Structures are given as structure tokens and as C-alpha cells.
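What follows is the content of upload-v6.cif (mmCIF, C-alpha atoms).
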data_upload
loop_
_atom_site.group_PDB
_atom_site.id
_atom_site.type_symbol
_atom_site.label_atom_id
_atom_site.label_comp_id
_atom_site.auth_asym_id
_atom_site.auth_seq_id
_atom_site.Cartn_x
_atom_site.Cartn_y
_atom_site.Cartn_z
ATOM 1 C CA MET X 1 66.209 97.897 -17.688
ATOM 2 C CA GLY X 2 66.326 99.423 -21.168
ATOM 3 C CA GLY X 3 63.084 101.276 -20.518
ATOM 4 C CA SER X 4 64.410 102.659 -17.248
ATOM 5 C CA ARG X 5 67.538 103.934 -18.965
ATOM 6 C CA ALA X 6 65.460 105.587 -21.681
ATOM 7 C CA LEU X 7 63.305 107.302 -19.062
ATOM 8 C CA MET X 8 66.336 108.548 -17.151
ATOM 9 C CA LEU X 9 67.877 109.902 -20.366
ATOM 10 C CA ALA X 10 64.595 111.663 -21.238
ATOM 11 C CA LEU X 11 64.643 113.262 -17.793
ATOM 12 C CA ALA X 12 68.275 114.304 -18.317
ATOM 13 C CA ARG X 13 67.379 115.974 -21.627
ATOM 14 C CA ILE X 14 64.713 118.058 -19.888
ATOM 15 C CA ALA X 15 66.997 119.007 -16.992
ATOM 16 C CA ALA X 16 69.988 119.793 -19.217
ATOM 17 C CA ASP X 17 68.458 122.969 -20.669
ATOM 18 C CA ASP X 18 68.519 124.655 -17.264
ATOM 19 C CA GLY X 19 71.470 122.765 -15.760
ATOM 20 C CA LEU X 20 69.221 121.241 -13.078
ATOM 21 C CA VAL X 21 70.388 118.669 -10.546
ATOM 22 C CA ILE X 22 68.192 115.548 -10.647
ATOM 23 C CA CYS X 23 67.571 113.890 -7.274
ATOM 24 C CA TRP X 24 65.570 110.816 -6.312
ATOM 25 C CA GLU X 25 65.419 108.243 -3.540
ATOM 26 C CA VAL X 26 66.476 104.596 -3.507
ATOM 27 C CA GLN X 27 65.819 102.135 -0.713
ATOM 28 C CA PRO X 28 69.099 101.065 0.967
ATOM 29 C CA GLU X 29 68.344 97.384 0.350
ATOM 30 C CA ASN X 30 67.706 97.888 -3.393
ATOM 31 C CA ALA X 31 71.174 96.893 -4.595
ATOM 32 C CA GLY X 32 70.023 96.384 -8.194
ATOM 33 C CA ALA X 33 68.738 99.940 -8.493
ATOM 34 C CA GLN X 34 71.910 101.269 -6.903
ATOM 35 C CA ARG X 35 74.036 99.402 -9.484
ATOM 36 C CA PHE X 36 71.835 100.755 -12.287
ATOM 37 C CA TYR X 37 72.162 104.359 -11.095
ATOM 38 C CA ARG X 38 75.909 104.037 -10.561
ATOM 39 C CA ARG X 39 76.260 102.811 -14.168
ATOM 40 C CA LEU X 40 74.504 105.997 -15.270
ATOM 41 C CA GLY X 41 77.103 107.988 -13.324
ATOM 42 C CA ALA X 42 74.844 109.014 -10.442
ATOM 43 C CA GLY X 43 76.384 109.596 -7.024
ATOM 44 C CA LEU X 44 74.747 107.772 -4.131
ATOM 45 C CA PHE X 45 74.620 109.588 -0.798
ATOM 46 C CA THR X 46 73.401 108.390 2.587
ATOM 47 C CA LYS X 47 70.832 110.587 4.313
ATOM 48 C CA VAL X 48 67.934 110.373 6.713
ATOM 49 C CA ILE X 49 64.492 111.244 5.387
ATOM 50 C CA ALA X 50 62.009 112.604 7.913
ATOM 51 C CA GLY X 51 58.286 112.260 7.332
ATOM 52 C CA TRP X 52 55.671 114.048 9.417
ATOM 53 C CA ARG X 53 52.329 112.276 9.131
ATOM 54 C CA PRO X 54 49.056 114.106 9.862
ATOM 55 C CA GLU X 55 48.311 111.891 12.861
ATOM 56 C CA SER X 56 51.547 113.172 14.405
ATOM 57 C CA TYR X 57 51.151 116.891 13.768
ATOM 58 C CA LEU X 58 47.401 117.546 13.821
ATOM 59 C CA GLY X 59 47.263 117.340 17.621
ATOM 60 C CA LEU X 60 49.796 120.171 17.806
ATOM 61 C CA LEU X 61 47.534 122.626 15.954
ATOM 62 C CA LEU X 62 44.674 124.698 17.343
ATOM 63 C CA PRO X 63 41.505 123.859 15.374
ATOM 64 C CA GLU X 64 40.379 127.499 14.862
ATOM 65 C CA THR X 65 43.551 129.016 13.495
ATOM 66 C CA GLY X 66 45.917 126.249 12.503
ATOM 67 C CA GLU X 67 48.506 127.969 14.719
ATOM 68 C CA ALA X 68 50.728 125.969 17.051
ATOM 69 C CA ALA X 69 49.012 124.994 20.300
ATOM 70 C CA THR X 70 52.197 125.497 22.319
ATOM 71 C CA ALA X 71 55.439 127.299 21.706
ATOM 72 C CA ALA X 72 58.352 125.023 20.908
#
Any chance you could put this one into C-alpha cells?
Amino acid sequence: MGGSRALMLALARIAADDGLVICWEVQPENAGAQRFYRRLGAGLFTKVIAGWRPESYLGLLLPETGEAATAA
């Protein structure tokens, strides 16, 4: 994982100038990646990620305006 570490450190150098927080996602079952990120000093937090696919939201929009078809 030497290349991965080098990439993460390059990202850190870019973010450091502005004091940016770096965030990314890791699959819960990817224990190897979690170990790698912990060794770098990253905190791991549990969260739920919501994804809204077009096939789910397109039916809610009016074709002419893109406005909501019904009030929520």
C-alpha cells in the first residue's frame, strides 16, 4: 500500500494550505482499508449514505417545468 500512502500524503499536502478536512467513504466490510486509514490517523465514523437515483425522482417532477408534481 505504499502507493496509497503516497497518494494520501499528496492529498494532505494540498489540503494543508487551507486547513481543509479530507473526507471519503469506506465500505463497512473493507477491514483492510479501515486498518490502513486508522494507521494514517484518520477517524472512522458510522453514517448512512442516501442516494436518490433518477428512476426514483423523475416521476415526481412535472415534465414542463421540473417543479414538484405534488407538495410534500
Could you put an axis-aligned box around every listed atom of segment 39-49 of chain X, padded by 3 Å on each side, and send me its centre and edge lengths in Å to one decimal, as JSON?
{"center_x": 70.8, "center_y": 107.0, "center_z": -4.3, "size_x": 18.6, "size_y": 14.4, "size_z": 28.0}
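If only C-alpha atoms are the atoms counted, then among X:Ala16, X:Ala10, X:Ser4, X:Glu55 the closest residue to Ala33 of chain X is X:Ser4.
Across the structure, atom CA of Pro28 of chain X and atom CA of Thr46 of chain X are spaced 8.6 Å apart.
Applied to the file shown here, the PyMOL selection byres ((chain X and resi 37) around 12) selects Met1, Ser4, Arg5, Met8, Leu9, Ile22, Cys23, Trp24, Glu25, Val26, Asn30, Ala31, Gly32, Ala33, Gln34, Arg35, Phe36, Arg38, Arg39, Leu40, Gly41, Ala42, Gly43, Leu44 and Phe45 of chain X.
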From the set X:Ala12, X:Leu62, X:Arg53, X:Lys47, which residue has the shortest atom-to-atom contact distance to Gln27 of chain X, counting only C-alpha atoms?
X:Lys47
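For the pair atom CA of Gly19 of chain X and atom CA of Leu7 of chain X, the interatomic distance is 17.8 Å.
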Please compute the atom CA of Glu29 of chain X-atom CA of Ile49 of chain X distance, one decimal, in Å.
15.2 Å
